[in-house]
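**Q** So here's my_file_0.tsv (TSV, C-alpha atoms).
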chain	number	residue	atom	x	y	z
D	1	MET	CA	-11.92	-28.96	-10.13
D	2	THR	CA	-10.91	-25.52	-9.02
D	3	PHE	CA	-10.77	-22.39	-11.14
D	4	CYS	CA	-6.99	-22.54	-11.21
D	5	SER	CA	-6.61	-26.23	-11.99
D	6	GLU	CA	-9.11	-25.82	-14.79
D	7	ASN	CA	-7.84	-22.60	-16.31
D	8	PHE	CA	-4.21	-22.44	-15.24
D	9	PRO	CA	-3.22	-26.04	-14.53
D	10	ASP	CA	0.05	-26.69	-12.80
D	11	ASP	CA	2.87	-27.59	-15.16
D	12	PRO	CA	5.01	-30.35	-13.67
D	13	SER	CA	7.76	-29.62	-16.17
D	14	ILE	CA	8.48	-26.51	-14.12
D	15	LEU	CA	10.76	-27.96	-11.49
D	16	GLY	CA	10.36	-27.07	-7.84
D	17	ALA	CA	13.76	-25.42	-7.73
D	18	THR	CA	12.86	-23.05	-10.55
D	19	ASP	CA	12.97	-19.41	-9.50
D	20	LEU	CA	9.80	-17.48	-10.17
D	21	LEU	CA	10.87	-13.89	-10.72
D	22	ARG	CA	8.54	-11.05	-9.81
D	23	ARG	CA	9.10	-7.37	-10.56
D	24	ILE	CA	8.72	-5.28	-7.41
D	25	PRO	CA	7.82	-1.61	-7.92
D	26	PRO	CA	9.38	0.98	-5.62
D	27	GLN	CA	6.11	1.40	-3.73
D	28	HIS	CA	6.23	-2.26	-2.69
D	29	PHE	CA	9.45	-2.61	-0.74
D	30	TYR	CA	10.53	-1.12	2.56
D	31	PHE	CA	12.84	-1.68	5.49
D	32	ASP	CA	11.42	-4.22	7.94
D	33	GLN	CA	12.77	-3.28	11.35
D	34	ASN	CA	11.89	-6.66	12.80
D	35	LEU	CA	13.96	-8.46	10.19
D	36	ASN	CA	16.50	-5.67	9.83
D	37	ARG	CA	16.40	-5.83	6.06
D	38	LEU	CA	14.63	-4.54	3.00
D	39	ARG	CA	11.84	-6.79	1.87
D	40	PRO	CA	8.82	-6.68	-0.43
D	41	SER	CA	5.36	-6.08	0.99
D	42	SER	CA	2.78	-8.83	0.95
D	43	ALA	CA	0.90	-6.50	-1.40
D	44	ALA	CA	3.52	-7.30	-4.05
D	45	PHE	CA	2.32	-10.89	-4.22
D	46	GLU	CA	-1.34	-10.40	-5.01
D	47	ASP	CA	-3.18	-11.24	-8.18
D	48	ASP	CA	-3.56	-8.60	-10.86
D	49	GLY	CA	-5.94	-5.69	-10.59
D	50	ASP	CA	-8.24	-7.29	-13.15
D	51	GLY	CA	-8.31	-10.60	-11.28
D	52	ASP	CA	-5.83	-12.43	-13.48
D	53	PRO	CA	-3.33	-14.58	-11.58
D	54	MET	CA	-0.02	-13.16	-10.44
D	55	SER	CA	2.56	-12.84	-13.20
D	56	VAL	CA	6.09	-14.18	-12.82
D	57	TYR	CA	9.02	-14.99	-15.07
D	58	LEU	CA	10.62	-18.42	-15.17
D	59	SER	CA	14.35	-18.42	-14.47
D	60	SER	CA	14.63	-21.74	-16.33
D	61	VAL	CA	13.44	-20.13	-19.56
D	62	LEU	CA	15.80	-17.18	-19.14
D	63	THR	CA	18.69	-19.57	-18.55
D	64	ALA	CA	17.77	-21.66	-21.60
D	65	GLU	CA	17.75	-18.49	-23.67
D	66	THR	CA	21.03	-17.32	-22.09
D	67	ARG	CA	19.37	-14.19	-20.85
D	68	GLU	CA	20.17	-12.33	-17.65
D	69	PRO	CA	17.36	-11.88	-15.12
D	70	SER	CA	17.80	-8.13	-15.52
D	71	THR	CA	16.20	-8.36	-18.95
D	72	VAL	CA	12.76	-8.63	-17.36
D	73	LEU	CA	13.38	-5.30	-15.63
D	74	ALA	CA	14.14	-3.49	-18.89
D	75	GLY	CA	12.31	-0.19	-18.97
D	76	HIS	CA	11.35	-0.35	-15.32
D	77	GLU	CA	13.66	2.04	-13.55
D	78	GLY	CA	13.63	1.90	-9.78
D	79	TYR	CA	12.21	-1.60	-9.68
D	80	ALA	CA	13.73	-4.59	-7.91
D	81	LEU	CA	13.48	-8.24	-8.87
D	82	ALA	CA	12.49	-10.82	-6.27
D	83	SER	CA	12.21	-14.56	-6.54
D	84	ILE	CA	10.39	-17.38	-4.85
D	85	THR	CA	10.67	-21.00	-5.86
D	86	ALA	CA	8.00	-22.98	-7.67
D	87	ALA	CA	8.13	-25.44	-4.78
D	88	LEU	CA	7.18	-22.71	-2.31
D	89	ALA	CA	4.29	-21.63	-4.50
D	90	ARG	CA	2.98	-25.19	-4.73
D	91	GLU	CA	3.44	-25.70	-1.00
D	92	HIS	CA	0.87	-22.92	-0.62
D	93	LEU	CA	-1.61	-24.55	-2.98
D	94	GLN	CA	-0.79	-22.46	-6.03
D	95	THR	CA	-0.49	-23.73	-9.58
D	96	VAL	CA	2.45	-22.62	-11.69
D	97	HIS	CA	1.40	-22.30	-15.31
D	98	ARG	CA	3.44	-21.32	-18.36
D	99	ASP	CA	1.92	-18.33	-20.13
D	100	PRO	CA	4.45	-17.11	-22.69
D	101	LEU	CA	3.70	-13.71	-24.14
D	102	PRO	CA	4.76	-12.44	-27.56
D	103	GLU	CA	7.08	-9.98	-25.87
D	104	GLU	CA	8.22	-12.24	-23.02
D	105	SER	CA	8.70	-15.96	-23.51
D	106	SER	CA	9.45	-16.61	-19.81
D	107	HIS	CA	6.12	-15.30	-18.60
D	108	ALA	CA	4.09	-17.59	-16.33
D	109	VAL	CA	1.32	-17.18	-13.79
D	110	VAL	CA	0.89	-18.34	-10.21
D	111	CYS	CA	-2.74	-19.12	-9.55
D	112	GLY	CA	-4.50	-19.71	-6.25
D	113	ASP	CA	-5.89	-17.99	-3.18
D	114	LYS	CA	-3.14	-15.78	-1.78
D	115	GLU	CA	-5.14	-14.01	0.91
D	116	SER	CA	-6.41	-16.64	3.33
D	117	GLY	CA	-4.47	-18.04	6.22
D	118	LYS	CA	-3.56	-15.12	8.49
D	119	LYS	CA	0.15	-15.52	9.20
D	120	ASN	CA	0.34	-18.34	6.67
D	121	ALA	CA	-1.40	-16.47	3.87
D	122	PRO	CA	0.59	-17.22	0.71
D	123	LYS	CA	1.17	-13.53	-0.02
D	124	ARG	CA	2.81	-13.10	3.40
D	125	LYS	CA	4.86	-16.27	3.09
D	126	PHE	CA	6.05	-15.20	-0.36
D	127	ALA	CA	6.96	-11.71	0.84
D	128	LEU	CA	9.01	-13.09	3.73
D	129	ALA	CA	10.68	-15.85	1.72
D	130	ALA	CA	11.41	-13.77	-1.35
D	131	ARG	CA	15.06	-13.48	-2.28
D	132	TRP	CA	16.40	-10.44	-4.06
D	133	VAL	CA	17.74	-11.33	-7.48
D	134	ILE	CA	18.21	-7.64	-8.17
D	135	ALA	CA	18.05	-5.68	-4.95
D	136	PRO	CA	16.19	-2.38	-4.71
D	137	PRO	CA	18.27	0.51	-5.94
D	138	ALA	CA	19.90	2.65	-3.28
D	139	PRO	CA	17.89	5.77	-2.52
D	140	ALA	CA	19.11	8.91	-4.19
D	141	ALA	CA	21.45	10.96	-2.01
G	1	MET	CA	-15.39	36.29	10.07
G	2	ALA	CA	-12.51	34.02	9.15
G	3	GLU	CA	-14.82	31.07	9.12
G	4	ILE	CA	-17.28	32.85	6.84
G	5	LEU	CA	-14.47	33.73	4.45
G	6	ASP	CA	-13.27	30.15	4.49
G	7	GLU	CA	-16.73	28.91	3.67
G	8	ALA	CA	-17.02	31.36	0.80
G	9	LYS	CA	-13.66	30.24	-0.48
G	10	LEU	CA	-14.73	26.63	-0.34
G	11	ARG	CA	-17.90	27.37	-2.30
G	12	ALA	CA	-15.99	29.32	-4.93
G	13	VAL	CA	-13.68	26.49	-5.83
G	14	ARG	CA	-14.48	24.70	-9.07
G	15	PRO	CA	-14.31	21.89	-9.96
G	16	LYS	CA	-15.21	20.44	-6.61
G	17	GLU	CA	-12.89	17.46	-6.96
G	18	TRP	CA	-9.19	18.18	-6.79
G	19	ILE	CA	-8.36	15.49	-9.33
G	20	ARG	CA	-9.95	16.56	-12.57
G	21	THR	CA	-12.34	14.05	-14.04
G	22	SER	CA	-10.99	14.55	-17.53
G	23	GLY	CA	-7.83	12.73	-16.67
G	24	ARG	CA	-5.22	12.16	-14.01
G	25	THR	CA	-3.48	15.46	-13.64
G	26	LYS	CA	-1.44	17.17	-11.02
G	27	PRO	CA	-3.42	18.17	-7.98
G	28	ASP	CA	-4.15	21.83	-7.52
G	29	SER	CA	-3.01	22.86	-4.06
G	30	ARG	CA	-5.90	25.23	-3.41
G	31	ILE	CA	-8.50	22.70	-4.46
G	32	LEU	CA	-6.71	19.98	-2.54
G	33	GLU	CA	-6.67	22.07	0.61
G	34	CYS	CA	-10.38	22.70	0.24
G	35	TYR	CA	-10.99	19.05	-0.45
G	36	LEU	CA	-9.26	18.04	2.73
G	37	ARG	CA	-11.13	20.65	4.73
G	38	ARG	CA	-14.44	19.62	3.28
G	39	GLU	CA	-13.64	16.00	4.09
G	40	LYS	CA	-12.98	17.11	7.67
G	41	HIS	CA	-9.29	16.34	7.85
G	42	PRO	CA	-8.87	18.83	10.63
G	43	PHE	CA	-5.22	19.75	10.80
G	44	VAL	CA	-3.60	19.45	7.47
G	45	SER	CA	-3.56	21.29	4.24
G	46	TYR	CA	-1.24	20.99	1.32
G	47	HIS	CA	0.77	23.32	-0.72
G	48	SER	CA	2.19	22.51	-4.08
G	49	ASP	CA	5.11	24.02	-5.82
G	50	LEU	CA	4.43	23.43	-9.46
G	51	ARG	CA	8.02	24.11	-10.34
G	52	THR	CA	9.12	20.99	-8.52
G	53	ARG	CA	6.53	18.47	-7.45
G	54	CYS	CA	2.77	18.26	-7.19
G	55	VAL	CA	2.78	18.04	-3.43
G	56	THR	CA	5.86	19.35	-1.78
G	57	ARG	CA	5.12	20.12	1.81
G	58	VAL	CA	2.48	19.97	4.43
G	59	ARG	CA	1.39	22.84	6.57
G	60	VAL	CA	-0.04	22.36	10.00
G	61	LEU	CA	-3.06	24.51	10.47
G	62	ASP	CA	-3.80	26.65	13.43
G	63	ILE	CA	-3.89	24.29	16.38
G	64	ARG	CA	-6.75	26.25	17.93
G	65	GLU	CA	-8.97	25.33	15.02
G	66	GLY	CA	-8.16	21.70	15.56
G	67	THR	CA	-8.82	21.89	19.25
G	68	ALA	CA	-12.23	23.37	18.64
G	69	ARG	CA	-13.10	20.59	16.23
G	70	GLN	CA	-11.88	17.97	18.63
G	71	ARG	CA	-14.34	19.12	21.25
G	72	SER	CA	-17.25	18.52	18.93
G	73	SER	CA	-16.25	14.96	18.09
G	74	PRO	CA	-15.84	11.96	20.33
G	75	ALA	CA	-12.48	12.06	22.05
G	76	PRO	CA	-9.85	11.44	19.42
G	77	ARG	CA	-6.96	9.34	20.63
G	78	VAL	CA	-4.33	11.65	19.40
G	79	PRO	CA	-3.27	15.00	18.26
G	80	ILE	CA	-2.59	14.27	14.63
G	81	THR	CA	-0.10	17.04	14.08
G	82	THR	CA	2.83	14.70	14.55
G	83	GLY	CA	5.47	14.54	11.88
G	84	GLY	CA	4.75	10.86	11.34
G	85	TYR	CA	1.10	11.49	10.61
G	86	VAL	CA	1.76	14.43	8.34
G	87	GLN	CA	4.38	12.47	6.41
G	88	THR	CA	1.97	9.58	6.03
G	89	VAL	CA	-0.83	11.78	4.75
G	90	GLN	CA	1.49	13.27	2.19
G	91	THR	CA	2.51	9.82	0.98
G	92	LEU	CA	-1.13	8.75	0.80
G	93	ILE	CA	-2.03	11.79	-1.28
G	94	GLU	CA	0.85	11.09	-3.63
G	95	LEU	CA	-0.53	7.60	-4.28
G	96	LEU	CA	-3.43	9.26	-6.09
G	97	GLU	CA	-1.02	10.24	-8.83
G	98	LEU	CA	-0.19	6.63	-9.71
G	99	PRO	CA	-1.52	5.79	-13.16
G	100	GLY	CA	-3.17	2.50	-14.07
G	101	GLY	CA	-0.57	-0.24	-14.40
G	102	TRP	CA	1.71	1.50	-11.91
G	103	ASN	CA	3.22	-1.85	-10.79
G	104	SER	CA	4.17	-2.81	-14.38
G	105	TYR	CA	1.39	-5.39	-14.36
G	106	LYS	CA	-2.29	-4.47	-14.33
G	107	ALA	CA	-2.73	-2.50	-11.14
G	108	SER	CA	-5.66	-0.11	-10.90
G	109	PRO	CA	-5.24	3.56	-9.93
G	110	ILE	CA	-5.60	4.15	-6.20
G	111	ARG	CA	-9.11	5.22	-5.29
G	112	LYS	CA	-9.64	8.51	-3.53
G	113	GLU	CA	-12.16	7.12	-1.07
G	114	ASN	CA	-9.57	4.64	0.19
G	115	VAL	CA	-6.98	7.36	0.72
G	116	ASN	CA	-9.58	9.47	2.43
G	117	PHE	CA	-10.54	6.60	4.71
G	118	ALA	CA	-6.90	5.91	5.57
G	119	VAL	CA	-6.26	9.55	6.48
G	120	GLU	CA	-9.24	9.61	8.82
G	121	LEU	CA	-8.53	6.22	10.35
G	122	LEU	CA	-4.95	7.14	11.15
G	123	ALA	CA	-6.11	10.40	12.68
G	124	ARG	CA	-8.17	8.38	15.12
G	125	LEU	CA	-5.60	5.68	15.79
G	126	MET	CA	-2.16	7.23	15.83
G	127	ARG	CA	-0.60	8.62	18.97
G	128	VAL	CA	2.18	11.13	19.24
G	129	GLU	CA	4.62	8.25	19.78
G	130	THR	CA	3.33	6.12	16.92
G	131	PRO	CA	5.86	5.69	14.13
G	132	ALA	CA	4.75	6.41	10.60
G	133	PRO	CA	3.48	3.31	8.81
G	134	ASN	CA	4.77	2.05	5.51
G	135	VAL	CA	2.16	3.18	3.01
G	136	VAL	CA	1.66	0.57	0.32
G	137	PRO	CA	-0.69	0.84	-2.68
G	138	LYS	CA	-2.73	-2.24	-3.53
G	139	VAL	CA	-3.24	-3.53	-7.04
G	140	ARG	CA	-7.02	-3.10	-7.00
G	141	GLY	CA	-7.01	0.53	-5.91
G	142	GLY	CA	-6.75	-0.04	-2.19
G	143	VAL	CA	-4.23	1.07	0.38
G	144	GLN	CA	-2.27	-0.94	2.92
G	145	LEU	CA	-0.72	0.54	6.06
G	146	GLU	CA	2.05	-1.54	7.58
G	147	TRP	CA	4.19	-1.45	10.69
G	148	HIS	CA	6.98	-3.96	11.24
G	149	THR	CA	8.65	-2.88	14.42
G	150	ARG	CA	9.09	-3.86	18.08
G	151	GLY	CA	8.47	-7.46	17.13
G	152	VAL	CA	4.99	-6.58	15.90
G	153	ASN	CA	3.73	-7.02	12.36
G	154	LEU	CA	0.61	-4.96	11.78
G	155	GLU	CA	-1.04	-4.55	8.40
G	156	ILE	CA	-4.26	-2.64	7.75
G	157	ALA	CA	-5.71	-3.36	4.32
G	158	ILE	CA	-8.24	-0.86	2.98
G	159	ASP	CA	-9.77	-2.43	-0.12
G	160	SER	CA	-12.74	-0.08	0.16
G	161	PRO	CA	-14.20	1.92	3.02
G	162	GLU	CA	-16.67	-0.95	3.46
G	163	HIS	CA	-14.01	-3.65	3.36
G	164	VAL	CA	-11.20	-2.98	5.79
G	165	THR	CA	-9.30	-5.79	7.45
G	166	PHE	CA	-6.21	-5.99	9.57
G	167	PHE	CA	-3.59	-8.59	10.33
G	168	ALA	CA	-1.54	-8.44	13.51
G	169	GLU	CA	0.98	-10.63	15.25
G	170	ASP	CA	3.54	-10.14	17.98
G	171	SER	CA	6.53	-12.40	17.54
G	172	GLN	CA	7.65	-11.71	21.11
G	173	VAL	CA	4.66	-13.28	22.78
G	174	HIS	CA	2.98	-16.63	22.39
G	175	GLU	CA	-0.39	-15.66	21.02
G	176	GLU	CA	-2.07	-16.45	17.79
G	177	ALA	CA	-1.92	-13.95	14.97
G	178	VAL	CA	-5.19	-12.18	14.30
G	179	GLU	CA	-6.81	-11.24	11.04
G	180	GLU	CA	-10.24	-9.70	11.16
G	181	ASP	CA	-12.49	-6.95	9.94
G	182	LEU	CA	-11.84	-3.44	11.14
G	183	ASN	CA	-12.25	-3.09	14.88
G	184	GLU	CA	-10.79	0.19	16.04
G	185	SER	CA	-10.59	-0.67	19.71
G	186	THR	CA	-8.63	-3.83	18.95
G	187	LEU	CA	-6.48	-1.97	16.46
G	188	ALA	CA	-5.79	0.73	19.02
G	189	ARG	CA	-4.32	-1.86	21.36
G	190	TRP	CA	-1.97	-3.04	18.62
G	191	ILE	CA	-1.02	0.55	17.87
G	192	ASP	CA	-0.14	0.92	21.54
G	193	ARG	CA	2.32	-1.96	21.24
G	194	ILE	CA	4.28	-0.27	18.51
G	195	SER	CA	4.14	3.20	20.03
G	196	GLU	CA	7.06	4.05	22.28
Would you kindly transcribe this structure into structure tokens?
**A**
Amino acid sequence: MTFCSENFPDDPSILGATDLLRRIPPQHFYFDQNLNRLRPSSAAFEDDGDGDPMSVYLSSVLTAETREPSTVLAGHEGYALASITAALAREHLQTVHRDPLPEESSHAVVCGDKESGKKNAPKRKFALAARWVIAPPAPAA
Amino acid sequence: MAEILDEAKLRAVRPKEWIRTSGRTKPDSRILECYLRREKHPFVSYHSDLRTRCVTRVRVLDIREGTARQRSSPAPRVPITTGGYVQTVQTLIELLELPGGWNSYKASPIRKENVNFAVELLARLMRVETPAPNVVPKVRGGVQLEWHTRGVNLEIAIDSPEHVTFFAEDSQVHEEAVEEDLNESTLARWIDRISE
């Protein structure tokens, strides 16, 4: 029994195709010259500063509530919204656990070691695979 | 005489830390300059224009002063007066202004000792031709320096001055990616790959 499976067990009702949305602050995206595109840093896919697992928002809950993904960016000017799938998270030995908050019913956490694995470290895989749901805002002229 | 005056100026500055302990406030340019000098960042000082931003530009100090300091320390790889280095230092300093929760989750403020370490490490590693890294704050107060260019992915993670690791891979050659604790001679070889 691992810490995550005990405290944040995987929820099989969250389908693999479900998008896990993650707010990306402006300090966490940049232009990758190798890929020739803007992408989030691996640092955007680490657990919280207090050690809690990484927060995400479930696209399935937003859809069920007929809410736009942009609602999870409310009040966060300059942020972008990236997504990875639940299947990708599980492929990298993470659990995906519902954790609804009073202010955000779609909140969930992704629990597991995100650092180990060199090139295959989950945080790097997530950063490279992340899709922009709401792309970073264009820099001010 | 100039050196004596500088020393006197350094001693006169109070408080000694440029970020006040009573709360996260805008850095004072004079105190910041003294801080950087005291921490032996040899070439750079900062000026702030309080009407616009906390840190607005970087001034390159007298190159002769830097040359003299270089002689007394073991052969630095580079002159660190390049625009890329100066720009990076400025970005690093600005990270110190991030409040707790800066990522909208529960990120910690960036710790001064990590910024300080990054500034000194880059001074030893960067060459004139080295592009500026992407400077990325970490959620637990650390700093990450990243280059993604010339087929190379290089990330230096400074979680604390005692815990520094780096990840490097070159997609253009068939060799295994590396991830290990700080080793400046190995890092220098990776820096060479991304420097024109």
**Q** Compile the residues of chain G that lie within 12 Å of chain D, evaluated using all atoms listed in the file, and express the compilation as number ranges by chain.
**A** G: 91-92, 94-95, 98, 100-110, 131, 133-159, 165-172, 175-180, 194
**Q** Measure the distance from atom CA of D:Val110 to atom CA of D:Pro9 in Å and round it to one decimal.
**A**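 Between atom CA of D:Val110 and atom CA of D:Pro9 the gap is 9.7 Å.
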**Q** Hey, could you pull the box centre and edge lengths for stretch 120-123 of chain D, axis-aligned, 4 Å padding per side, all listed atoms, to one decimal in Å, as JSON?
**A**
{"center_x": -0.1, "center_y": -15.9, "center_z": 3.3, "size_x": 10.6, "size_y": 12.8, "size_z": 14.7}
**Q** So how many Å separate atom CA of G:Pro161 and atom CA of G:Glu97, to one decimal?
**A**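 So the answer is 19.6 Å.
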**Q** For atom CA of D:Asp19 and atom CA of D:Thr63, quote the distance in Å rounded to one decimal.
**A**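 Going from atom CA of D:Asp19 over to atom CA of D:Thr63 covers 10.7 Å.
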**Q** Give as number ranges by chain every residue, naming chains and numbers as the document does, that has an atom within 12 Å of (-11.3, 7.4, 5.3), counting only C-alpha atoms.
**A** G: 36, 39-41, 89, 92, 111-124, 142-143, 158-164
**Q** If we count only C-alpha atoms and set the cut-off at 8 Å, which residues sit around D:Pro122, ignoring sequence neighbours fewer than 3 positions away in its own chain? Please answer as an MDAnalysis selection string.
**A** chainID D and resid 89 92 113:117 125:126
**Q** Determine the nearest neighbour of G:Glu129 from the options G:Leu182, G:Gly83, G:His174, G:Pro99, counting all atoms listed in the file.
**A**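 Of all the options, G:Gly83 lies closest to G:Glu129.
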